[in-house]
Amino acid sequence: MFETGIQLRRERGPENVFDFSLGNPEVEPPDAVIAALRRVVEENRPRSHGYMPNAGYPEVRAQIARQLAAATGLAFSDEHVIMTSGAAGALNTVLKSVLDPGDEVIVLNPYFPEYRFYIENHGGRVVPVETAADFLPDPARIAAAITPRTKALILNSPNNPTGRLYPAGLLRELNAIVRAPMIAISDEPYRPIVYDGITAPVTLSLVERAVLAWSWSKAMAIAGERIGYLAISPRLGEAAALANACTFVHRILGYINAPAIWQHVVALEPDATVDVSLYQAKRDRLCGALQAMGYDAPRPEGSFYVFPRTPIADDVAFIAILQREGILAVPGAGFGRGGYMRLSLTIGLPEIERSLPGFERAIRSARAAR
């Protein structure tokens, strides 16, 4: 898709190509984040660019632990927090720590495709479980998929690609399913990005055997900085052992440390978030226009993705029709759910407006060919 975009821009000019494929924030980081970065750099403290303990700076981990304790009411300490190279680093660290060859990890279809590689990187086996018709997890299906080799269930709310937000009641139902030695890994880079005044439930409060893979990349629009953390629930009976394993794995996988400067920046401004109303405005305009054209395009509750049904069953073929209109989208088949497409809201509102005639021509073309 990236190479196709380059080619189309050469052929048609960049103003005639509309890239809905990448989840790369187009907004700039909040002013508070840039101000904190300047403060940290100008302090020029000794060894501020050197190695630190494998789990990250203790004072930064303690700050995050206090924040987690306030949000969950749980007895978090710095020993439960490991600074990581984004949520991907956190996911790989915990999966390497818990998986033996042949162990199983449940993923909820449709799912972020890199989960498969993360699991298989460490000898695990991917077990896809279909979600309900509304893309919410189906506890009965998940329970039926659990075997003695099941080590983890990956949760992702707000979800990539669907934008669904898992409600608190559903998370409580999942809590009844996740039993030792199984853990729930909650991948939450989009939790601050929710719409319509909704507050996202805190998974760590509702699922006892949970660990949190967090990243500031989306909320702060700093995707290239790769800064996040892994938080292990104090309610896990094996929390100390898992934290020790993850700290060791963090080293042997080569994630020597999360970026030193950015650890201090996020400790100063842990809750800084881009203006979510900008994404909501784009969501409303795009979904409203697509629905008026006849697309089945529900408004996401969070994240910055829209996951419409394609007007023909062959989503890959429809993506090719969109490409002829200069529109780049990702087929749902890439997420395990054919017949859909993912559109990213990280494109600018003016580009969305200019793309709309192409979407309309594409759906007319697809209907005419049926």
# chains A, B, ... in the order shown; residues from 1 in each chain; ligands from 1
call {"tool": "closest_atom_pairs", "arguments": {"of": "stretch 139-204 of chain A", "to": "stretch 212-223 of chain A", "cutoff": "8 Å", "atoms": "only C-alpha atoms", "output": "CSV"}}
result
residue,atom,partner,partner_atom,distance
A:Ile185,CA,A:Leu212,CA,6.0
A:Ser186,CA,A:Leu212,CA,4.9
A:Asp187,CA,A:Ala213,CA,4.8
A:Glu188,CA,A:Trp214,CA,5.4
A:Pro189,CA,A:Ser215,CA,4.8
A:Tyr190,CA,A:Lys218,CA,6.3
A:Pro192,CA,A:Ala219,CA,6.0
A:Ile193,CA,A:Ala219,CA,6.6
A:Leu204,CA,A:Leu212,CA,7.1
call {"tool": "write_last_selection", "arguments": {"atoms": "C-alpha atoms", "output": "PDB file, in the first residue's frame"}}
result
ATOM      1  CA  ILE A 185      -3.225  -8.674  27.698  1.00  0.00           C
ATOM      2  CA  SER A 186      -4.986  -5.356  27.215  1.00  0.00           C
ATOM      3  CA  ASP A 187      -3.465  -3.420  24.299  1.00  0.00           C
ATOM      4  CA  GLU A 188      -4.590   0.188  24.820  1.00  0.00           C
ATOM      5  CA  PRO A 189      -2.788   2.750  22.645  1.00  0.00           C
ATOM      6  CA  TYR A 190      -6.140   4.337  21.742  1.00  0.00           C
ATOM      7  CA  PRO A 192      -7.584   8.363  25.394  1.00  0.00           C
ATOM      8  CA  ILE A 193      -9.131   8.715  21.920  1.00  0.00           C
ATOM      9  CA  LEU A 204      -7.077  -3.326  34.888  1.00  0.00           C
TER      10      LEU A 204
END
call {"tool": "select_by_dssp", "arguments": {"residues": "stretch 226-358 of chain A", "states": "alpha helix (DSSP H)", "output": "ChimeraX atom specification"}}
result
/A:239-252,260-268,276-293,315-324,349-358
call {"tool": "atom_distance", "arguments": {"atom1": "atom CA of A:Glu15", "atom2": "atom CA of A:Gln280"}}
result
23.3 Å
call {"tool": "closest_atom_pairs", "arguments": {"of": "stretch 36-138 of chain A", "to": "stretch 247-271 of chain A", "cutoff": "7 Å", "atoms": "only C-alpha atoms", "output": "Markdown table"}}
result
| residue | atom | partner | partner_atom | distance |
| --- | --- | --- | --- | --- |
| A:Ala36 | CA | A:Val265 | CA | 5.6 |
| A:Leu37 | CA | A:Val265 | CA | 5.5 |
| A:Val40 | CA | A:Val265 | CA | 6.6 |
| A:Ser48 | CA | A:Ala260 | CA | 6.8 |
| A:His49 | CA | A:Ala260 | CA | 6.0 |
| A:Asn54 | CA | A:Asn257 | CA | 6.1 |
| A:Ala55 | CA | A:Thr247 | CA | 5.6 |
| A:Gly56 | CA | A:Asn257 | CA | 6.3 |
| A:Val60 | CA | A:Ala267 | CA | 5.7 |
| A:Gln63 | CA | A:Ala267 | CA | 6.4 |
| A:Met83 | CA | A:Ala258 | CA | 5.7 |
| A:Thr84 | CA | A:Ala258 | CA | 4.8 |
| A:Ser85 | CA | A:Ala258 | CA | 4.8 |
| A:Thr93 | CA | A:His250 | CA | 5.8 |
| A:Lys96 | CA | A:Val249 | CA | 6.9 |
| A:Ser97 | CA | A:Val249 | CA | 6.4 |
call {"tool": "write_last_selection", "arguments": {"atoms": "all heavy atoms", "output": "short mmCIF file (atom, residue, chain, number, x, y, z; two decimals), in the first residue's frame"}}
result
data_model
loop_
_atom_site.label_atom_id
_atom_site.label_comp_id
_atom_site.auth_asym_id
_atom_site.auth_seq_id
_atom_site.Cartn_x
_atom_site.Cartn_y
_atom_site.Cartn_z
N ALA A 36 7.31 20.16 27.79
CA ALA A 36 7.98 19.21 28.69
C ALA A 36 9.26 18.68 28.06
O ALA A 36 10.28 18.51 28.75
CB ALA A 36 7.04 18.06 29.02
N LEU A 37 9.24 18.43 26.77
CA LEU A 37 10.44 17.97 26.07
C LEU A 37 11.55 19.02 26.17
O LEU A 37 12.71 18.70 26.46
CB LEU A 37 10.11 17.68 24.61
CG LEU A 37 11.28 17.29 23.71
CD1 LEU A 37 11.94 16.01 24.22
CD2 LEU A 37 10.80 17.11 22.26
N VAL A 40 13.04 18.99 29.72
CA VAL A 40 13.91 17.84 29.98
C VAL A 40 15.25 18.00 29.28
O VAL A 40 16.31 17.74 29.86
CB VAL A 40 13.21 16.55 29.53
CG1 VAL A 40 14.17 15.36 29.59
CG2 VAL A 40 11.99 16.28 30.41
N SER A 48 21.82 11.68 31.33
CA SER A 48 20.43 11.69 30.88
C SER A 48 20.24 10.97 29.55
O SER A 48 19.10 10.76 29.12
CB SER A 48 19.91 13.13 30.77
OG SER A 48 20.69 13.86 29.83
N HIS A 49 21.32 10.60 28.89
CA HIS A 49 21.22 9.89 27.61
C HIS A 49 21.80 8.48 27.71
O HIS A 49 21.97 7.81 26.69
CB HIS A 49 21.94 10.66 26.51
CG HIS A 49 21.43 12.05 26.32
ND1 HIS A 49 20.31 12.34 25.58
CD2 HIS A 49 21.90 13.23 26.80
CE1 HIS A 49 20.09 13.64 25.60
NE2 HIS A 49 21.03 14.21 26.33
N ASN A 54 17.12 -2.04 33.39
CA ASN A 54 16.41 -2.61 32.24
C ASN A 54 14.93 -2.26 32.22
O ASN A 54 14.33 -2.14 31.15
CB ASN A 54 16.56 -4.13 32.23
CG ASN A 54 17.98 -4.56 31.87
OD1 ASN A 54 18.74 -3.80 31.30
ND2 ASN A 54 18.32 -5.79 32.22
N ALA A 55 14.32 -2.13 33.38
CA ALA A 55 12.88 -1.82 33.43
C ALA A 55 12.59 -0.34 33.24
O ALA A 55 11.42 0.04 33.15
CB ALA A 55 12.29 -2.30 34.75
N GLY A 56 13.61 0.50 33.17
CA GLY A 56 13.41 1.94 33.01
C GLY A 56 13.77 2.69 34.27
O GLY A 56 14.11 2.10 35.30
N VAL A 60 10.46 7.33 37.13
CA VAL A 60 9.41 7.39 36.12
C VAL A 60 8.39 6.27 36.35
O VAL A 60 7.18 6.48 36.31
CB VAL A 60 10.01 7.30 34.71
CG1 VAL A 60 8.90 7.23 33.65
CG2 VAL A 60 10.91 8.49 34.44
N GLN A 63 6.16 7.16 39.20
CA GLN A 63 5.14 8.14 38.83
C GLN A 63 3.97 7.47 38.11
O GLN A 63 2.80 7.73 38.39
CB GLN A 63 5.77 9.21 37.92
CG GLN A 63 4.79 10.13 37.21
CD GLN A 63 4.04 11.04 38.16
OE1 GLN A 63 4.49 11.26 39.28
NE2 GLN A 63 2.91 11.55 37.71
N MET A 83 9.08 0.13 31.56
CA MET A 83 9.04 1.06 30.43
C MET A 83 9.47 0.32 29.16
O MET A 83 10.45 -0.44 29.17
CB MET A 83 9.96 2.25 30.69
CG MET A 83 9.67 3.01 31.97
SD MET A 83 7.95 3.59 32.08
CE MET A 83 7.88 4.74 30.69
N THR A 84 8.74 0.55 28.07
CA THR A 84 8.95 -0.23 26.86
C THR A 84 9.02 0.66 25.63
O THR A 84 8.65 1.83 25.65
CB THR A 84 7.81 -1.24 26.65
OG1 THR A 84 6.57 -0.54 26.49
CG2 THR A 84 7.70 -2.20 27.83
N SER A 85 9.46 0.04 24.54
CA SER A 85 9.47 0.72 23.24
C SER A 85 8.07 0.61 22.63
O SER A 85 7.82 -0.18 21.72
CB SER A 85 10.52 0.10 22.33
OG SER A 85 11.80 0.23 22.87
N THR A 93 7.31 -8.33 24.87
CA THR A 93 7.96 -8.66 26.13
C THR A 93 7.13 -9.64 26.95
O THR A 93 7.64 -10.66 27.43
CB THR A 93 8.23 -7.38 26.94
OG1 THR A 93 9.22 -6.59 26.25
CG2 THR A 93 8.75 -7.69 28.33
N LYS A 96 6.81 -13.18 25.13
CA LYS A 96 8.04 -13.97 25.28
C LYS A 96 8.15 -14.52 26.70
O LYS A 96 8.67 -15.63 26.90
CB LYS A 96 9.25 -13.10 24.95
CG LYS A 96 10.61 -13.77 25.16
CD LYS A 96 10.84 -14.91 24.19
CE LYS A 96 12.27 -15.44 24.30
NZ LYS A 96 12.48 -16.62 23.43
N SER A 97 7.66 -13.79 27.67
CA SER A 97 7.79 -14.20 29.06
C SER A 97 6.86 -15.35 29.43
O SER A 97 7.19 -16.15 30.31
CB SER A 97 7.50 -13.01 29.99
OG SER A 97 8.42 -11.97 29.78
#
call {"tool": "closest_residue", "arguments": {"among": "A:Ala200, A:Leu136, A:Phe112, A:Ala176", "to": "A:Ala333", "atoms": "only C-alpha atoms"}}
result
A:Phe112
call {"tool": "closest_residue", "arguments": {"among": "A:Ile6, A:Leu290, A:Ala297, A:Ala366", "to": "A:Ala313", "atoms": "only C-alpha atoms"}}
result
A:Ala366
call {"tool": "residues_around", "arguments": {"residues": "A:Ser303", "least_positions_apart": "2", "cutoff": "7 Å", "atoms": "only C-alpha atoms", "output": "number ranges by chain"}}
result
A: 158-160, 163, 190, 193-194, 305
call {"tool": "closest_residue", "arguments": {"among": "A:Arg337, A:Leu322, A:Pro29, A:Ile327", "to": "A:Ala133", "atoms": "only C-alpha atoms"}}
result
A:Arg337
call {"tool": "select_by_dssp", "arguments": {"residues": "stretch 53-207 of chain A", "states": "strand (DSSP E or B)", "output": "compact mmCIF listing (two decimals) with all heavy atoms, in the first residue's frame"}}
result
# COMPACT_ATOMS: atom_id res chain seq x y z
N VAL A 81 5.72 -1.97 36.90
CA VAL A 81 5.78 -1.17 35.68
C VAL A 81 7.13 -1.36 34.99
O VAL A 81 8.18 -1.26 35.64
CB VAL A 81 5.54 0.32 35.97
CG1 VAL A 81 5.65 1.15 34.69
CG2 VAL A 81 4.17 0.53 36.63
N ILE A 82 7.10 -1.60 33.70
CA ILE A 82 8.31 -1.73 32.90
C ILE A 82 8.17 -0.80 31.71
O ILE A 82 7.22 -0.91 30.93
CB ILE A 82 8.50 -3.19 32.41
CG1 ILE A 82 8.66 -4.12 33.61
CG2 ILE A 82 9.70 -3.30 31.47
CD1 ILE A 82 8.55 -5.59 33.26
N MET A 83 9.08 0.13 31.56
CA MET A 83 9.04 1.06 30.43
C MET A 83 9.47 0.32 29.16
O MET A 83 10.45 -0.44 29.17
CB MET A 83 9.96 2.25 30.69
CG MET A 83 9.67 3.01 31.97
SD MET A 83 7.95 3.59 32.08
CE MET A 83 7.88 4.74 30.69
N THR A 84 8.74 0.55 28.07
CA THR A 84 8.95 -0.23 26.86
C THR A 84 9.02 0.66 25.63
O THR A 84 8.65 1.83 25.65
CB THR A 84 7.81 -1.24 26.65
OG1 THR A 84 6.57 -0.54 26.49
CG2 THR A 84 7.70 -2.20 27.83
N GLU A 104 -1.00 -21.33 23.30
CA GLU A 104 -2.01 -20.66 22.47
C GLU A 104 -2.35 -19.27 23.01
O GLU A 104 -2.39 -19.06 24.23
CB GLU A 104 -3.28 -21.52 22.43
CG GLU A 104 -3.05 -22.88 21.80
CD GLU A 104 -4.21 -23.84 21.99
OE1 GLU A 104 -5.15 -23.50 22.74
OE2 GLU A 104 -4.17 -24.93 21.39
N VAL A 105 -2.61 -18.36 22.08
CA VAL A 105 -3.06 -17.01 22.42
C VAL A 105 -4.32 -16.72 21.61
O VAL A 105 -4.33 -16.84 20.38
CB VAL A 105 -1.98 -15.95 22.11
CG1 VAL A 105 -2.50 -14.56 22.47
CG2 VAL A 105 -0.69 -16.26 22.87
N ILE A 106 -5.39 -16.36 22.30
CA ILE A 106 -6.65 -16.04 21.64
C ILE A 106 -6.63 -14.58 21.19
O ILE A 106 -6.30 -13.68 21.97
CB ILE A 106 -7.83 -16.30 22.59
CG1 ILE A 106 -7.95 -17.80 22.90
CG2 ILE A 106 -9.14 -15.77 22.00
CD1 ILE A 106 -8.98 -18.12 23.96
N VAL A 107 -6.98 -14.37 19.93
CA VAL A 107 -7.16 -13.02 19.40
C VAL A 107 -8.59 -12.92 18.88
O VAL A 107 -9.18 -13.92 18.45
CB VAL A 107 -6.15 -12.70 18.29
CG1 VAL A 107 -4.73 -12.72 18.81
CG2 VAL A 107 -6.29 -13.66 17.10
N LEU A 108 -9.14 -11.73 18.93
CA LEU A 108 -10.55 -11.53 18.59
C LEU A 108 -10.65 -10.94 17.18
O LEU A 108 -10.15 -9.86 16.90
CB LEU A 108 -11.21 -10.60 19.62
CG LEU A 108 -11.10 -11.10 21.06
CD1 LEU A 108 -11.72 -10.10 22.03
CD2 LEU A 108 -11.76 -12.47 21.21
N ASN A 109 -11.31 -11.68 16.31
CA ASN A 109 -11.37 -11.35 14.90
C ASN A 109 -12.52 -10.36 14.63
O ASN A 109 -13.64 -10.61 15.06
CB ASN A 109 -11.62 -12.65 14.12
CG ASN A 109 -11.39 -12.49 12.64
OD1 ASN A 109 -10.73 -11.56 12.20
ND2 ASN A 109 -11.93 -13.41 11.87
N ARG A 125 0.91 -20.11 19.24
CA ARG A 125 -0.06 -20.42 18.19
C ARG A 125 -1.25 -19.48 18.31
O ARG A 125 -1.81 -19.32 19.40
CB ARG A 125 -0.53 -21.87 18.29
CG ARG A 125 -1.36 -22.33 17.09
CD ARG A 125 -1.61 -23.83 17.14
NE ARG A 125 -2.66 -24.17 18.09
CZ ARG A 125 -3.97 -24.13 17.81
NH1 ARG A 125 -4.38 -23.73 16.60
NH2 ARG A 125 -4.86 -24.48 18.70
N VAL A 126 -1.60 -18.86 17.20
CA VAL A 126 -2.71 -17.92 17.17
C VAL A 126 -4.03 -18.68 17.10
O VAL A 126 -4.21 -19.57 16.26
CB VAL A 126 -2.60 -16.97 15.97
CG1 VAL A 126 -3.78 -16.02 15.90
CG2 VAL A 126 -1.29 -16.20 16.02
N VAL A 127 -4.97 -18.31 17.98
CA VAL A 127 -6.31 -18.90 17.97
C VAL A 127 -7.31 -17.77 17.74
O VAL A 127 -7.70 -17.07 18.68
CB VAL A 127 -6.62 -19.63 19.29
CG1 VAL A 127 -8.02 -20.22 19.26
CG2 VAL A 127 -5.58 -20.73 19.55
N PRO A 128 -7.74 -17.55 16.48
CA PRO A 128 -8.72 -16.49 16.23
C PRO A 128 -10.10 -16.92 16.70
O PRO A 128 -10.53 -18.04 16.47
CB PRO A 128 -8.68 -16.32 14.71
CG PRO A 128 -7.51 -17.12 14.23
CD PRO A 128 -7.28 -18.19 15.24
N VAL A 129 -10.79 -16.00 17.36
CA VAL A 129 -12.17 -16.23 17.80
C VAL A 129 -13.03 -15.11 17.23
O VAL A 129 -12.70 -13.92 17.40
CB VAL A 129 -12.26 -16.27 19.34
CG1 VAL A 129 -13.72 -16.31 19.79
CG2 VAL A 129 -11.50 -17.48 19.88
N GLU A 130 -14.11 -15.48 16.58
CA GLU A 130 -14.98 -14.48 15.97
C GLU A 130 -15.67 -13.63 17.04
O GLU A 130 -16.09 -14.14 18.08
CB GLU A 130 -16.03 -15.14 15.09
CG GLU A 130 -15.48 -15.76 13.82
CD GLU A 130 -14.87 -14.73 12.90
OE1 GLU A 130 -15.42 -13.61 12.79
OE2 GLU A 130 -13.84 -15.05 12.27
N THR A 150 -3.88 -22.67 26.54
CA THR A 150 -4.16 -21.24 26.40
C THR A 150 -3.42 -20.45 27.46
O THR A 150 -3.61 -20.67 28.65
CB THR A 150 -5.67 -20.96 26.51
OG1 THR A 150 -6.37 -21.75 25.55
CG2 THR A 150 -5.96 -19.49 26.27
N LYS A 151 -2.57 -19.52 27.02
CA LYS A 151 -1.81 -18.70 27.95
C LYS A 151 -2.31 -17.26 28.01
O LYS A 151 -2.09 -16.58 29.01
CB LYS A 151 -0.32 -18.70 27.55
CG LYS A 151 0.41 -19.99 27.90
CD LYS A 151 0.54 -20.15 29.40
CE LYS A 151 1.35 -21.40 29.76
NZ LYS A 151 2.78 -21.26 29.39
N ALA A 152 -2.96 -16.78 26.95
CA ALA A 152 -3.34 -15.36 26.96
C ALA A 152 -4.51 -15.10 26.03
O ALA A 152 -4.76 -15.84 25.07
CB ALA A 152 -2.15 -14.49 26.55
N LEU A 153 -5.23 -14.05 26.35
CA LEU A 153 -6.28 -13.47 25.52
C LEU A 153 -5.88 -12.01 25.29
O LEU A 153 -5.64 -11.28 26.25
CB LEU A 153 -7.62 -13.54 26.22
CG LEU A 153 -8.75 -12.63 25.72
CD1 LEU A 153 -9.20 -13.05 24.33
CD2 LEU A 153 -9.93 -12.63 26.70
N ILE A 154 -5.78 -11.59 24.03
CA ILE A 154 -5.44 -10.20 23.74
C ILE A 154 -6.72 -9.40 23.54
O ILE A 154 -7.57 -9.74 22.71
CB ILE A 154 -4.54 -10.07 22.49
CG1 ILE A 154 -3.20 -10.78 22.74
CG2 ILE A 154 -4.30 -8.60 22.15
CD1 ILE A 154 -2.22 -10.66 21.56
N LEU A 155 -6.85 -8.35 24.33
CA LEU A 155 -7.96 -7.40 24.22
C LEU A 155 -7.43 -6.10 23.63
O LEU A 155 -6.30 -5.70 23.92
CB LEU A 155 -8.58 -7.14 25.59
CG LEU A 155 -9.08 -8.36 26.35
CD1 LEU A 155 -9.55 -7.95 27.75
CD2 LEU A 155 -10.22 -9.05 25.60
N ASN A 156 -8.25 -5.43 22.85
CA ASN A 156 -7.82 -4.18 22.20
C ASN A 156 -9.03 -3.24 22.13
O ASN A 156 -9.88 -3.38 21.25
CB ASN A 156 -7.27 -4.49 20.81
CG ASN A 156 -6.87 -3.26 20.02
OD1 ASN A 156 -7.03 -3.21 18.81
ND2 ASN A 156 -6.36 -2.24 20.68
N ILE A 183 -3.69 -15.22 31.13
CA ILE A 183 -3.77 -13.81 31.44
C ILE A 183 -4.47 -13.09 30.29
O ILE A 183 -4.54 -13.59 29.17
CB ILE A 183 -2.39 -13.16 31.68
CG1 ILE A 183 -1.50 -13.29 30.43
CG2 ILE A 183 -1.72 -13.75 32.90
CD1 ILE A 183 -0.20 -12.50 30.53
N ALA A 184 -5.03 -11.93 30.59
CA ALA A 184 -5.56 -11.03 29.56
C ALA A 184 -4.52 -9.94 29.33
O ALA A 184 -4.05 -9.30 30.28
CB ALA A 184 -6.88 -10.42 30.00
N ILE A 185 -4.16 -9.74 28.07
CA ILE A 185 -3.22 -8.67 27.70
C ILE A 185 -4.04 -7.58 27.04
O ILE A 185 -4.59 -7.76 25.95
CB ILE A 185 -2.14 -9.19 26.73
CG1 ILE A 185 -1.41 -10.39 27.33
CG2 ILE A 185 -1.16 -8.07 26.40
CD1 ILE A 185 -0.44 -11.06 26.36
N SER A 186 -4.16 -6.45 27.71
CA SER A 186 -4.99 -5.36 27.22
C SER A 186 -4.11 -4.34 26.49
O SER A 186 -3.31 -3.63 27.09
CB SER A 186 -5.73 -4.69 28.38
OG SER A 186 -6.69 -3.78 27.89
N ASP A 187 -4.25 -4.30 25.17
CA ASP A 187 -3.46 -3.42 24.30
C ASP A 187 -4.25 -2.12 24.12
O ASP A 187 -5.29 -2.11 23.46
CB ASP A 187 -3.25 -4.13 22.96
CG ASP A 187 -2.44 -3.30 21.98
OD1 ASP A 187 -1.66 -2.44 22.42
OD2 ASP A 187 -2.60 -3.53 20.76
N VAL A 194 -11.47 8.68 22.51
CA VAL A 194 -12.86 8.23 22.50
C VAL A 194 -13.76 9.43 22.23
O VAL A 194 -13.38 10.58 22.49
CB VAL A 194 -13.24 7.54 23.83
CG1 VAL A 194 -12.51 6.22 23.99
CG2 VAL A 194 -12.96 8.44 25.02
call {"tool": "closest_residue", "arguments": {"among": "A:Leu91, A:Ile312, A:Ala245, A:Leu22", "to": "A:Val330", "atoms": "only C-alpha atoms"}}
result
A:Leu22
call {"tool": "closest_residue", "arguments": {"among": "A:Arg309, A:Arg342, A:Arg66, A:Arg61", "to": "A:Asp78", "atoms": "only C-alpha atoms"}}
result
A:Arg61
call {"tool": "closest_residue", "arguments": {"among": "A:Arg149, A:Arg164, A:Arg235, A:Arg141", "to": "A:Ile177", "atoms": "only C-alpha atoms"}}
result
A:Arg141
call {"tool": "atom_distance", "arguments": {"atom1": "atom CA of A:Pro308", "atom2": "atom CA of A:Arg172"}}
result
28.4 Å
call {"tool": "residues_around", "arguments": {"residues": "A:Glu79", "least_positions_apart": "5", "cutoff": "10 Å", "atoms": "only C-alpha atoms", "output": "ChimeraX atom specification"}}
result
/A:55,58,61-62,65,231-232,234,239-240,243-244,247
call {"tool": "atom_distance", "arguments": {"atom1": "atom CA of A:Gln323", "atom2": "atom CA of A:Pro300"}}
result
23.7 Å
call {"tool": "decode", "arguments": {"residues": "stretch 284-297 of chain A", "atoms": "N, CA, C and O atoms", "output": "tab-separated table (two decimals), in the first residue's frame"}}
result
chain	number	residue	atom	x	y	z
A	284	ASP	N	-17.27	12.18	11.94
A	284	ASP	CA	-18.66	12.52	11.63
A	284	ASP	C	-18.84	12.88	10.16
A	284	ASP	O	-19.82	12.47	9.53
A	285	ARG	N	-17.89	13.62	9.62
A	285	ARG	CA	-18.02	14.01	8.22
A	285	ARG	C	-17.87	12.81	7.29
A	285	ARG	O	-18.68	12.62	6.37
A	286	LEU	N	-16.87	11.97	7.54
A	286	LEU	CA	-16.64	10.83	6.66
A	286	LEU	C	-17.77	9.81	6.77
A	286	LEU	O	-18.33	9.39	5.76
A	287	CYS	N	-18.13	9.43	7.98
A	287	CYS	CA	-19.18	8.42	8.15
A	287	CYS	C	-20.52	8.94	7.63
A	287	CYS	O	-21.27	8.19	6.97
A	288	GLY	N	-20.83	10.20	7.93
A	288	GLY	CA	-22.08	10.75	7.44
A	288	GLY	C	-22.16	10.75	5.94
A	288	GLY	O	-23.20	10.39	5.35
A	289	ALA	N	-21.07	11.14	5.28
A	289	ALA	CA	-21.06	11.18	3.81
A	289	ALA	C	-21.14	9.77	3.23
A	289	ALA	O	-21.89	9.53	2.27
A	290	LEU	N	-20.40	8.84	3.79
A	290	LEU	CA	-20.44	7.47	3.28
A	290	LEU	C	-21.82	6.86	3.46
A	290	LEU	O	-22.34	6.18	2.55
A	291	GLN	N	-22.44	7.09	4.61
A	291	GLN	CA	-23.79	6.56	4.83
A	291	GLN	C	-24.77	7.14	3.82
A	291	GLN	O	-25.65	6.43	3.31
A	292	ALA	N	-24.64	8.42	3.53
A	292	ALA	CA	-25.54	9.05	2.55
A	292	ALA	C	-25.37	8.45	1.16
A	292	ALA	O	-26.32	8.41	0.37
A	293	MET	N	-24.16	7.96	0.86
A	293	MET	CA	-23.91	7.34	-0.44
A	293	MET	C	-24.42	5.90	-0.50
A	293	MET	O	-24.50	5.31	-1.59
A	294	GLY	N	-24.72	5.31	0.68
A	294	GLY	CA	-25.18	3.94	0.70
A	294	GLY	C	-24.22	2.95	1.33
A	294	GLY	O	-24.50	1.74	1.36
A	295	TYR	N	-23.09	3.43	1.84
A	295	TYR	CA	-22.16	2.54	2.54
A	295	TYR	C	-22.71	2.21	3.93
A	295	TYR	O	-23.38	3.04	4.56
A	296	ASP	N	-22.39	1.02	4.41
A	296	ASP	CA	-22.66	0.64	5.79
A	296	ASP	C	-21.41	1.05	6.58
A	296	ASP	O	-20.43	0.31	6.63
A	297	ALA	N	-21.46	2.24	7.18
A	297	ALA	CA	-20.28	2.83	7.80
A	297	ALA	C	-20.63	3.36	9.19
A	297	ALA	O	-20.83	4.57	9.39
